[in-house]
>>> print(open('work_13.txt').read())   # compact mmCIF, C-alpha atoms
# COMPACT_ATOMS: atom_id res chain seq x y z
CA MET A 1 -6.46 16.50 3.89
CA LEU A 2 -3.05 15.51 5.23
CA ASN A 3 -2.40 19.19 6.08
CA TYR A 4 -5.20 19.07 8.64
CA ILE A 5 -4.42 15.56 9.94
CA TRP A 6 -0.76 16.38 10.49
CA GLY A 7 -1.56 19.70 12.17
CA PHE A 8 -4.20 18.05 14.31
CA ILE A 9 -1.81 15.30 15.48
CA LEU A 10 0.79 17.87 16.55
CA LEU A 11 -1.72 20.12 18.35
CA ALA A 12 -3.31 17.12 20.07
CA ALA A 13 0.12 15.88 21.18
CA VAL A 14 0.98 19.18 22.89
CA ILE A 15 -2.46 19.74 24.49
CA PHE A 16 -2.68 16.15 25.67
CA GLY A 17 0.90 16.23 26.93
CA ILE A 18 0.09 19.24 29.16
CA PHE A 19 -2.98 17.52 30.61
CA THR A 20 -1.25 14.22 31.31
CA GLY A 21 1.87 15.92 32.66
CA ARG A 22 3.99 14.26 29.99
CA ILE A 23 4.91 17.44 28.14
CA ALA A 24 8.63 16.82 28.76
CA GLU A 25 8.34 13.47 26.97
CA VAL A 26 6.48 15.16 24.11
CA GLY A 27 9.36 17.61 23.75
CA GLU A 28 11.89 14.80 23.76
CA ALA A 29 9.82 12.93 21.16
CA ALA A 30 9.94 15.97 18.87
CA ILE A 31 13.73 15.63 18.72
CA ALA A 32 14.03 11.85 18.88
CA GLY A 33 11.15 11.26 16.47
CA ALA A 34 12.74 13.40 13.77
CA GLY A 35 15.94 11.36 14.06
CA GLU A 36 13.93 8.16 13.98
CA GLY A 37 12.15 9.25 10.80
CA ALA A 38 15.45 9.93 9.07
CA THR A 39 16.92 6.62 10.31
CA LEU A 40 13.87 4.81 8.98
CA VAL A 41 14.22 6.23 5.47
CA LEU A 42 18.00 5.81 5.38
CA GLY A 43 17.61 2.22 6.60
CA MET A 44 15.28 1.56 3.68
CA LEU A 45 17.60 3.15 1.15
CA GLY A 46 19.72 0.10 0.35
CA VAL A 47 16.89 -2.33 -0.24
CA MET A 48 14.90 0.22 -2.23
CA CYS A 49 17.90 0.78 -4.52
CA PHE A 50 18.50 -2.93 -4.97
CA TRP A 51 14.86 -3.75 -5.59
CA THR A 52 14.09 -0.93 -8.03
CA GLY A 53 17.32 -1.81 -9.84
CA LEU A 54 16.19 -5.41 -10.15
CA MET A 55 12.74 -4.31 -11.29
CA GLU A 56 14.32 -2.14 -13.97
CA ILE A 57 15.90 -5.33 -15.37
CA ALA A 58 12.50 -7.05 -15.22
CA GLU A 59 10.91 -4.13 -17.04
CA LYS A 60 13.57 -4.02 -19.78
CA SER A 61 13.36 -7.78 -20.34
CA GLY A 62 9.61 -7.60 -20.86
CA VAL A 63 8.38 -9.44 -17.75
CA ILE A 64 5.47 -6.96 -17.60
CA HIS A 65 4.28 -8.13 -21.04
CA CYS A 66 4.44 -11.79 -19.94
CA VAL A 67 2.45 -11.13 -16.78
CA ALA A 68 0.05 -8.93 -18.77
CA SER A 69 -0.73 -11.68 -21.27
CA LEU A 70 -1.37 -14.11 -18.40
CA LEU A 71 -3.84 -11.63 -16.91
CA ARG A 72 -5.83 -10.98 -20.09
CA PRO A 73 -8.50 -13.67 -19.57
CA LEU A 74 -9.15 -12.29 -16.09
CA THR A 75 -9.44 -8.66 -17.20
CA ARG A 76 -11.69 -9.65 -20.08
CA PHE A 77 -13.97 -11.19 -17.49
CA ILE A 78 -13.93 -8.03 -15.32
CA PHE A 79 -14.31 -5.64 -18.30
CA PRO A 80 -16.58 -7.60 -20.68
CA LYS A 81 -17.64 -4.49 -22.63
CA LEU A 82 -14.14 -3.55 -23.80
CA GLU A 83 -13.06 -4.77 -27.24
CA LYS A 84 -10.32 -7.37 -27.19
CA ASN A 85 -7.83 -5.18 -29.05
CA ASP A 86 -8.87 -1.89 -27.48
CA PRO A 87 -5.72 0.03 -26.46
CA ALA A 88 -7.56 0.87 -23.22
CA HIS A 89 -7.65 -2.84 -22.41
CA GLY A 90 -3.93 -3.06 -23.16
CA ALA A 91 -3.14 -0.18 -20.80
CA ILE A 92 -5.33 -1.70 -18.09
CA VAL A 93 -3.58 -5.07 -18.23
CA MET A 94 -0.14 -3.48 -18.27
CA ASN A 95 -1.05 -1.32 -15.27
CA ILE A 96 -2.24 -4.32 -13.26
CA ALA A 97 0.88 -6.29 -14.20
CA ALA A 98 3.13 -3.41 -13.11
CA ASN A 99 1.22 -3.18 -9.82
CA LEU A 100 1.61 -6.91 -9.20
CA LEU A 101 5.35 -6.67 -9.76
CA GLY A 102 5.59 -3.67 -7.44
CA MET A 103 6.70 -1.29 -10.20
CA GLY A 104 4.87 1.73 -8.83
CA ASN A 105 6.82 4.11 -11.07
CA ALA A 106 5.62 2.29 -14.18
CA ALA A 107 2.11 1.55 -12.93
CA THR A 108 0.88 5.11 -12.40
CA PRO A 109 1.56 6.48 -15.92
CA LEU A 110 0.03 3.33 -17.45
CA GLY A 111 -2.99 3.69 -15.18
CA LEU A 112 -3.50 7.34 -16.05
CA ARG A 113 -3.20 6.46 -19.76
CA ALA A 114 -5.87 3.78 -19.31
CA MET A 115 -8.13 6.29 -17.54
CA GLN A 116 -7.77 8.80 -20.39
CA LEU A 117 -8.62 6.12 -22.97
CA LEU A 118 -11.63 5.02 -20.92
CA ASP A 119 -12.61 8.69 -20.68
CA GLU A 120 -12.62 8.88 -24.51
CA ARG A 121 -14.85 5.79 -24.69
CA ASN A 122 -17.13 7.58 -22.22
CA CYS A 123 -17.16 10.66 -24.54
CA GLY A 124 -15.78 12.82 -21.73
CA LYS A 125 -19.06 12.68 -19.80
CA LYS A 126 -19.25 13.99 -16.23
CA ARG A 127 -20.59 10.66 -15.02
CA ALA A 128 -17.87 7.99 -14.83
CA SER A 129 -18.41 4.78 -16.81
CA ASN A 130 -18.56 1.42 -15.05
CA GLU A 131 -15.17 0.53 -16.58
CA MET A 132 -13.59 3.66 -15.08
CA CYS A 133 -15.02 2.95 -11.63
CA LEU A 134 -13.90 -0.68 -11.69
CA PHE A 135 -10.42 0.17 -12.91
CA VAL A 136 -9.89 2.78 -10.16
CA LEU A 137 -11.26 0.27 -7.67
CA ILE A 138 -8.65 -2.28 -8.73
CA ASN A 139 -5.97 0.35 -8.22
CA THR A 140 -7.19 1.15 -4.71
CA ALA A 141 -6.55 -2.50 -3.81
CA SER A 142 -3.01 -3.53 -3.03
CA LEU A 143 -2.03 -6.11 -5.62
CA GLN A 144 1.70 -6.12 -5.00
CA LEU A 145 3.15 -9.65 -4.93
CA PHE A 146 6.03 -8.54 -2.69
CA PRO A 147 5.25 -5.81 -0.24
CA THR A 148 8.92 -4.75 -0.24
CA THR A 149 8.66 -1.85 2.21
CA LEU A 150 6.65 -3.97 4.64
CA LEU A 151 9.10 -6.89 4.55
CA LEU A 152 11.96 -4.49 5.09
CA LEU A 153 10.29 -2.73 8.01
CA ARG A 154 9.59 -6.10 9.65
CA GLN A 155 13.21 -7.11 9.22
CA MET A 156 14.48 -3.77 10.58
CA THR A 157 12.34 -4.14 13.71
CA GLY A 158 13.78 -7.61 14.38
CA SER A 159 11.16 -10.06 13.10
CA ALA A 160 12.21 -13.71 13.33
CA ASN A 161 10.47 -14.37 10.02
CA PRO A 162 9.65 -11.17 8.08
CA GLY A 163 8.11 -13.11 5.18
CA GLU A 164 5.58 -15.08 7.24
CA ILE A 165 2.89 -12.47 6.51
CA ILE A 166 3.11 -12.82 2.71
CA VAL A 167 0.54 -15.58 2.26
CA PRO A 168 -2.01 -13.98 4.63
CA VAL A 169 -1.43 -10.67 2.78
CA TRP A 170 -2.23 -12.31 -0.56
CA ILE A 171 -5.38 -13.95 0.74
CA VAL A 172 -6.60 -10.79 2.45
CA SER A 173 -5.92 -8.51 -0.54
CA ILE A 174 -7.65 -10.86 -2.98
CA SER A 175 -10.68 -11.20 -0.69
CA ALA A 176 -10.86 -7.43 -0.22
CA LEU A 177 -10.65 -6.85 -3.97
CA PHE A 178 -13.29 -9.48 -4.55
CA VAL A 179 -15.65 -7.77 -2.10
CA GLY A 180 -14.92 -4.43 -3.80
CA ILE A 181 -15.63 -5.72 -7.31
CA PHE A 182 -18.66 -7.71 -6.20
CA SER A 183 -20.17 -4.68 -4.46
CA ALA A 184 -19.38 -2.55 -7.52
CA LYS A 185 -21.27 -4.97 -9.78
CA LEU A 186 -24.24 -4.79 -7.38
CA PHE A 187 -24.16 -0.97 -7.29
CA GLN A 188 -24.02 -0.95 -11.12
CA LYS A 189 -27.31 -2.78 -11.35
CA ARG A 190 -28.90 -0.16 -9.16
CA GLY A 191 -27.80 2.40 -11.72
CA MET B 1 12.52 -24.78 4.36
CA GLN B 2 9.30 -22.80 4.02
CA PHE B 3 7.63 -21.39 0.93
CA SER B 4 8.11 -17.85 2.22
CA ASP B 5 11.89 -18.41 2.51
CA LEU B 6 12.02 -19.18 -1.20
CA ILE B 7 10.09 -16.21 -2.54
CA ILE B 8 12.82 -13.58 -2.54
CA PRO B 9 15.77 -15.69 -3.77
CA LEU B 10 13.60 -17.22 -6.48
CA THR B 11 12.40 -13.81 -7.68
CA VAL B 12 15.97 -12.54 -7.94
CA PHE B 13 16.99 -15.71 -9.80
CA LEU B 14 14.12 -15.56 -12.29
CA ILE B 15 14.51 -11.86 -13.05
CA ILE B 16 18.24 -12.22 -13.70
CA LEU B 17 17.75 -15.37 -15.78
CA PHE B 18 15.01 -13.74 -17.84
CA GLY B 19 17.11 -10.60 -18.33
CA LEU B 20 20.05 -12.73 -19.47
CA PHE B 21 17.91 -14.51 -22.08
CA ARG B 22 16.54 -11.24 -23.38
CA GLY B 23 20.05 -9.79 -23.72
CA VAL B 24 19.56 -7.00 -21.18
CA SER B 25 22.83 -5.38 -20.09
CA LEU B 26 22.18 -6.49 -16.54
CA PHE B 27 24.37 -4.35 -14.33
CA ASP B 28 23.97 -1.14 -16.38
CA ILE B 29 20.20 -1.40 -16.25
CA PHE B 30 20.34 -2.36 -12.58
CA LEU B 31 22.31 0.80 -11.82
CA LYS B 32 19.83 2.94 -13.75
CA GLY B 33 16.91 1.54 -11.78
CA ALA B 34 18.78 1.70 -8.47
CA LYS B 35 19.45 5.41 -9.06
CA ASN B 36 15.72 5.98 -9.54
CA GLY B 37 15.10 4.05 -6.32
CA LEU B 38 17.64 6.24 -4.53
CA ASN B 39 15.97 9.42 -5.76
CA SER B 40 12.43 8.39 -4.94
CA THR B 41 13.41 7.15 -1.46
CA ILE B 42 15.32 10.34 -0.66
CA THR B 43 12.37 12.44 -1.89
CA ILE B 44 10.04 10.87 0.69
CA LEU B 45 12.46 11.62 3.56
CA PRO B 46 11.01 15.04 4.50
CA SER B 47 7.43 13.78 4.64
CA ILE B 48 8.39 10.65 6.61
CA VAL B 49 10.42 12.73 9.08
CA GLY B 50 7.43 15.06 9.55
CA LEU B 51 4.97 12.23 10.04
CA VAL B 52 7.14 9.99 12.25
CA THR B 53 7.87 12.98 14.50
CA ALA B 54 4.16 13.82 14.78
CA VAL B 55 3.27 10.22 15.61
CA SER B 56 6.13 9.98 18.18
CA MET B 57 4.91 13.15 19.89
CA LEU B 58 1.31 11.95 20.01
CA LYS B 59 2.50 8.62 21.36
CA ALA B 60 4.64 10.33 24.04
CA SER B 61 1.66 12.44 25.15
CA GLY B 62 -0.19 9.26 26.05
CA ALA B 63 -3.08 10.06 23.69
CA ILE B 64 -2.64 6.99 21.48
CA ASP B 65 -2.51 4.63 24.47
CA LEU B 66 -5.64 6.20 25.96
CA LEU B 67 -7.50 5.97 22.64
CA CYS B 68 -6.49 2.32 22.19
CA HIS B 69 -7.40 1.53 25.77
CA GLY B 70 -10.84 3.05 25.32
CA LEU B 71 -11.44 1.31 22.01
CA SER B 72 -10.19 -2.03 23.33
CA TYR B 73 -13.48 -2.48 25.25
CA VAL B 74 -15.26 -2.57 21.89
CA PHE B 75 -12.69 -4.37 19.75
CA LYS B 76 -10.97 -6.88 22.05
CA PRO B 77 -14.15 -9.03 22.30
CA LEU B 78 -14.20 -9.09 18.49
CA GLY B 79 -10.66 -10.46 18.43
CA PHE B 80 -9.29 -7.29 16.85
CA PRO B 81 -6.19 -5.73 18.46
CA SER B 82 -7.09 -2.13 19.38
CA GLU B 83 -3.40 -1.13 19.09
CA VAL B 84 -3.83 -1.40 15.32
CA LEU B 85 -6.85 0.93 15.07
CA PRO B 86 -4.88 4.15 14.43
CA LEU B 87 -3.35 2.36 11.43
CA ALA B 88 -6.74 1.14 10.22
CA ILE B 89 -8.08 4.70 10.37
CA LEU B 90 -5.15 6.38 8.60
CA ARG B 91 -4.37 3.67 6.03
CA PRO B 92 -6.86 4.78 3.32
CA VAL B 93 -5.89 8.44 3.83
CA SER B 94 -2.10 8.66 3.76
CA GLY B 95 0.70 6.29 2.81
CA GLY B 96 3.31 8.26 4.74
CA ALA B 97 1.23 8.50 7.91
CA SER B 98 0.41 4.79 7.86
CA LEU B 99 4.11 3.97 7.36
CA ALA B 100 4.89 6.10 10.44
CA ILE B 101 2.18 4.37 12.49
CA LEU B 102 3.21 0.90 11.29
CA ASN B 103 6.79 1.68 12.29
CA ASP B 104 5.55 2.72 15.73
CA ILE B 105 3.44 -0.44 16.19
CA LEU B 106 6.27 -2.74 15.10
CA ASN B 107 8.68 -0.98 17.47
CA SER B 108 6.29 -0.85 20.44
CA TYR B 109 4.79 -4.34 20.33
CA GLY B 110 7.27 -6.22 18.14
CA PRO B 111 6.78 -7.39 14.53
CA ASP B 112 5.95 -10.95 15.65
CA SER B 113 3.31 -9.97 18.21
CA PHE B 114 -0.36 -10.36 17.32
CA ALA B 115 -0.77 -6.59 16.89
CA GLY B 116 2.46 -6.40 14.85
CA ARG B 117 1.32 -9.17 12.52
CA VAL B 118 -2.18 -7.76 12.04
CA ALA B 119 -0.69 -4.30 11.36
CA SER B 120 1.67 -5.87 8.80
CA VAL B 121 -1.14 -7.69 7.00
CA ILE B 122 -3.29 -4.54 6.90
CA SER B 123 -0.42 -2.48 5.46
CA GLY B 124 0.36 -5.10 2.84
CA SER B 125 -3.18 -5.69 1.68
CA THR B 126 -4.69 -2.20 1.50
CA GLU B 127 -3.82 0.99 -0.36
CA THR B 128 -4.15 4.76 0.04
CA THR B 129 -7.67 4.76 -1.37
CA PHE B 130 -8.41 8.50 -1.29
CA TYR B 131 -5.15 9.44 -2.98
CA THR B 132 -5.52 6.90 -5.78
CA LEU B 133 -9.12 7.89 -6.40
CA THR B 134 -8.23 11.58 -6.64
CA VAL B 135 -5.21 11.13 -8.92
CA TYR B 136 -6.93 8.70 -11.30
CA PHE B 137 -10.15 10.63 -11.75
CA ALA B 138 -8.21 13.87 -12.10
CA ALA B 139 -6.87 12.50 -15.41
CA THR B 140 -10.42 12.37 -16.85
CA HIS B 141 -13.44 14.61 -17.41
CA ALA B 142 -15.54 12.53 -15.02
CA LYS B 143 -16.57 14.47 -11.92
CA ASP B 144 -19.05 11.91 -10.63
CA SER B 145 -17.19 8.78 -9.51
CA ARG B 146 -20.51 7.13 -8.55
CA TYR B 147 -20.02 4.03 -6.36
CA THR B 148 -16.19 3.90 -6.60
CA LEU B 149 -15.47 5.31 -3.12
CA LYS B 150 -18.20 3.21 -1.47
CA SER B 151 -16.86 0.00 -3.00
CA ALA B 152 -13.24 0.93 -2.30
CA LEU B 153 -13.93 1.65 1.37
CA LEU B 154 -15.94 -1.55 1.62
CA ALA B 155 -12.89 -3.40 0.27
CA ASP B 156 -10.65 -1.61 2.80
CA ALA B 157 -12.96 -2.52 5.68
CA THR B 158 -12.94 -6.14 4.49
CA GLY B 159 -9.14 -6.10 4.38
CA ILE B 160 -8.84 -4.61 7.86
CA LEU B 161 -11.28 -7.02 9.53
CA LEU B 162 -10.03 -10.03 7.63
CA ALA B 163 -6.42 -9.24 8.56
CA SER B 164 -6.95 -10.25 12.18
CA VAL B 165 -8.87 -13.36 11.12
CA ALA B 166 -6.08 -14.36 8.72
CA VAL B 167 -3.38 -13.85 11.38
CA HIS B 168 -5.40 -15.90 13.89
CA PHE B 169 -5.82 -18.63 11.32
CA PHE B 170 -2.35 -18.79 9.75
CA LEU B 171 0.11 -17.48 12.31
CA ASN B 172 -1.16 -17.58 15.89
>>> encode(input="work_13.txt", output="structure tokens")
Amino acid sequence: MLNYIWGFILLAAVIFGIFTGRIAEVGEAAIAGAGEGATLVLGMLGVMCFWTGLMEIAEKSGVIHCVASLLRPLTRFIFPKLEKNDPAHGAIVMNIAANLLGMGNAATPLGLRAMQLLDERNCGKKRASNEMCLFVLINTASLQLFPTTLLLLRQMTGSANPGEIIVPVWIVSISALFVGIFSAKLFQKRG
Amino acid sequence: MQFSDLIIPLTVFLIILFGLFRGVSLFDIFLKGAKNGLNSTITILPSIVGLVTAVSMLKASGAIDLLCHGLSYVFKPLGFPSEVLPLAILRPVSGGASLAILNDILNSYGPDSFAGRVASVISGSTETTFYTLTVYFAATHAKDSRYTLKSALLADATGILLASVAVHFFLN
């Protein structure tokens, strides 16, 4: 999909630039924009290194397990049909904990493992089980406690208080997830 | 001193303290993780360069401004900044493209403007829905994801609309 979007943006830029008589600016943007893209990534490099390094310490010291055990009552409520000691439940909780802590590298393998276990419970049927749908839904919500990239980008563009958006972000993501789960439970009843 | 000022220092403190108690060789493990961070950040460079360039060119052509201007007649009365709409549209589709657009919004209008704040909240509270859905279901035999996409997009729409309400309420 991105192949088409990216191509479309570039074609639209050139065609539009000719019509508005700003084609010279479009040409300049092609050069300047590429530099800006590289500057953006290189500017993020330091913080990304520091933060993933710190998160590696958190992972090694078992913070994920602590957060996971705190989350268990909540996930048992969302996935009532899963057995308490089901490994699928374990993988689900660990995935959510890793997401919360912003450990994307750890979250994805755990999430895929959980999906495969849920797939086994579903006997490999073509129709996804409610647990699978709900679990994917949770992963399409942003649960990260610290949106690191966002904070960094705000700081790099000169925000007086980069962290001021954290509390609104939490409230909005929880509300969005709630609407998602609530709608899912309604759709389930319809079959 | 505000709560948000405390979050980052406190996180660093707790992680280090916890690691110390658990006998983790702090700096060695830090370096290992930091190297992974270096690699994964460098790997996204080509795609970010491609997307930021495309967005810059579209911006320079005047197309984004015209689109936002047109849409502002519909969205301004609702209290939603039309400058943020390109982000709202691309957010569920591509992480890289929405990073490029967010960067553009923060640079053009400032991170502490209404549009900059709403764009920030949207980026922080939504995910690349289509990508996640594809990757996760690809790991299974399930071909029919039933209501997952509907619910996920409903959640995204909630996040996008609520972002401007939350910024109005908490920050402006």
>>> residues_around(input="work_13.txt", residues="B:Tyr147", least_positions_apart="4", cutoff="12 Å", atoms="all atoms listed in the file", output="PyMOL selection string")
(chain A and resi 127-134+136-137+180-191) or (chain B and resi 133+151-154)
>>> closest_residue(input="work_13.txt", among="B:Arg117, B:Ser40, B:Thr126, B:Val74", to="A:Met44", atoms="all atoms listed in the file")
B:Ser40
>>> atom_distance(input="work_13.txt", atom1="atom CA of A:Asn105", atom2="atom CA of A:Lys60")
13.7 Å
>>> closest_residue(input="work_13.txt", among="B:Ala157, B:Leu90, B:Ser61, B:His168", to="chain A", atoms="all atoms listed in the file")
B:Ser61
>>> atom_distance(input="work_13.txt", atom1="atom CA of B:Leu71", atom2="atom CA of B:Ala166")
21.2 Å
>>> atom_distance(input="work_13.txt", atom1="atom CA of B:Ala115", atom2="atom CA of A:Ala38")
24.4 Å
>>> closest_residue(input="work_13.txt", among="B:Ile44, B:Val12, B:Ile64, B:Leu31", to="B:Val84", atoms="only C-alpha atoms")
B:Ile64
>>> closest_residue(input="work_13.txt", among="A:Val67, A:Leu112, A:Leu145, A:Ala107", to="chain B", atoms="all atoms listed in the file")
A:Leu112
>>> closest_residue(input="work_13.txt", among="B:Gly19, B:Pro77, B:Gly159, B:Pro111", to="B:Arg91", atoms="all atoms listed in the file")
B:Gly159
>>> residues_around(input="work_13.txt", residues="stretch 49-54 of chain B", least_positions_apart="5", cutoff="6 Å", atoms="all atoms listed in the file", output="ChimeraX atom specification")
/A:10,30,33-34,37-38 /B:97,100
>>> closest_residue(input="work_13.txt", among="A:Phe19, A:Leu70, A:Ala106, A:Thr140", to="chain B", atoms="all atoms listed in the file")
A:Thr140
>>> residues_around(input="work_13.txt", residues="A:Ile92", least_positions_apart="2", cutoff="10 Å", atoms="only C-alpha atoms", output="list in words")
Ala68, Arg72, Thr75, Phe79, Pro87, Ala88, His89, Gly90, Met94, Asn95, Ile96, Ala97, Ala98, Ala107, Leu110, Gly111, Leu112, Arg113, Ala114, Met115, Leu117, Leu118, Phe135 and Ile138 of chain A
>>> write_last_selection(input="work_13.txt", atoms="C-alpha atoms", output="compact mmCIF listing (two decimals), in the frame of the given file")
# COMPACT_ATOMS: atom_id res chain seq x y z
CA ALA A 68 0.05 -8.93 -18.77
CA ARG A 72 -5.83 -10.98 -20.09
CA THR A 75 -9.44 -8.66 -17.20
CA PHE A 79 -14.31 -5.64 -18.30
CA PRO A 87 -5.72 0.03 -26.46
CA ALA A 88 -7.56 0.87 -23.22
CA HIS A 89 -7.65 -2.84 -22.41
CA GLY A 90 -3.93 -3.06 -23.16
CA MET A 94 -0.14 -3.48 -18.27
CA ASN A 95 -1.05 -1.32 -15.27
CA ILE A 96 -2.24 -4.32 -13.26
CA ALA A 97 0.88 -6.29 -14.20
CA ALA A 98 3.13 -3.41 -13.11
CA ALA A 107 2.11 1.55 -12.93
CA LEU A 110 0.03 3.33 -17.45
CA GLY A 111 -2.99 3.69 -15.18
CA LEU A 112 -3.50 7.34 -16.05
CA ARG A 113 -3.20 6.46 -19.76
CA ALA A 114 -5.87 3.78 -19.31
CA MET A 115 -8.13 6.29 -17.54
CA LEU A 117 -8.62 6.12 -22.97
CA LEU A 118 -11.63 5.02 -20.92
CA PHE A 135 -10.42 0.17 -12.91
CA ILE A 138 -8.65 -2.28 -8.73
>>> decode(input="work_13.txt", residues="stretch 42-116 of chain B", atoms="C-alpha atoms", output="short mmCIF file (atom, residue, chain, number, x, y, z; two decimals), in the first residue's frame")
data_model
loop_
_atom_site.label_atom_id
_atom_site.label_comp_id
_atom_site.auth_asym_id
_atom_site.auth_seq_id
_atom_site.Cartn_x
_atom_site.Cartn_y
_atom_site.Cartn_z
CA ILE B 42 19.90 3.45 11.18
CA THR B 43 17.79 0.84 9.35
CA ILE B 44 14.80 3.21 9.21
CA LEU B 45 16.92 6.03 7.71
CA PRO B 46 16.26 5.19 4.03
CA SER B 47 12.50 4.97 4.46
CA ILE B 48 12.35 8.18 6.54
CA VAL B 49 14.49 10.03 3.97
CA GLY B 50 12.15 8.83 1.19
CA LEU B 51 9.01 9.82 3.06
CA VAL B 52 10.21 13.16 4.45
CA THR B 53 11.36 14.15 0.95
CA ALA B 54 7.99 13.21 -0.55
CA VAL B 55 6.10 15.16 2.11
CA SER B 56 8.42 18.21 1.69
CA MET B 57 7.83 18.20 -2.07
CA LEU B 58 4.06 17.93 -1.67
CA LYS B 59 4.17 20.73 0.88
CA ALA B 60 6.28 22.93 -1.43
CA SER B 61 3.81 22.40 -4.29
CA GLY B 62 1.10 24.02 -2.19
CA ALA B 63 -1.13 20.93 -2.36
CA ILE B 64 -1.18 20.28 1.38
CA ASP B 65 -2.08 23.89 2.18
CA LEU B 66 -4.87 23.88 -0.39
CA LEU B 67 -6.26 20.58 0.95
CA CYS B 68 -6.16 21.85 4.54
CA HIS B 69 -7.73 25.13 3.52
CA GLY B 70 -10.57 23.33 1.77
CA LEU B 71 -11.13 20.94 4.65
CA SER B 72 -10.97 23.72 7.24
CA TYR B 73 -14.49 24.83 6.24
CA VAL B 74 -15.76 21.47 7.47
CA PHE B 75 -13.46 20.87 10.44
CA LYS B 76 -12.77 24.30 11.95
CA PRO B 77 -16.39 24.63 13.19
CA LEU B 78 -15.94 21.25 14.90
CA GLY B 79 -12.89 22.57 16.74
CA PHE B 80 -10.55 20.24 14.87
CA PRO B 81 -7.41 21.77 13.32
CA SER B 82 -7.48 20.97 9.59
CA GLU B 83 -3.65 21.17 9.47
CA VAL B 84 -3.61 17.83 11.28
CA LEU B 85 -5.87 15.98 8.81
CA PRO B 86 -3.08 14.60 6.58
CA LEU B 87 -1.66 13.00 9.73
CA ALA B 88 -5.05 11.62 10.76
CA ILE B 89 -5.44 10.03 7.31
CA LEU B 90 -1.97 8.47 7.11
CA ARG B 91 -1.56 7.44 10.75
CA PRO B 92 -3.29 4.02 10.53
CA VAL B 93 -1.49 3.25 7.24
CA SER B 94 2.19 3.99 7.73
CA GLY B 95 4.40 4.73 10.72
CA GLY B 96 7.13 6.27 8.59
CA ALA B 97 4.77 8.52 6.64
CA SER B 98 3.05 9.74 9.79
CA LEU B 99 6.45 10.48 11.37
CA ALA B 100 7.32 12.56 8.28
CA ILE B 101 4.00 14.43 8.45
CA LEU B 102 4.26 14.98 12.22
CA ASN B 103 7.76 16.39 11.71
CA ASP B 104 6.36 18.75 9.08
CA ILE B 105 3.47 19.91 11.30
CA LEU B 106 5.75 20.51 14.30
CA ASN B 107 8.17 22.48 12.12
CA SER B 108 5.50 24.52 10.30
CA TYR B 109 3.20 25.44 13.17
CA GLY B 110 5.39 24.82 16.22
CA PRO B 111 5.12 21.95 18.74
CA ASP B 112 3.27 24.16 21.25
CA SER B 113 0.64 25.43 18.81
CA PHE B 114 -2.85 23.94 18.92
CA ALA B 115 -2.22 21.97 15.70
CA GLY B 116 1.20 20.84 16.99
#
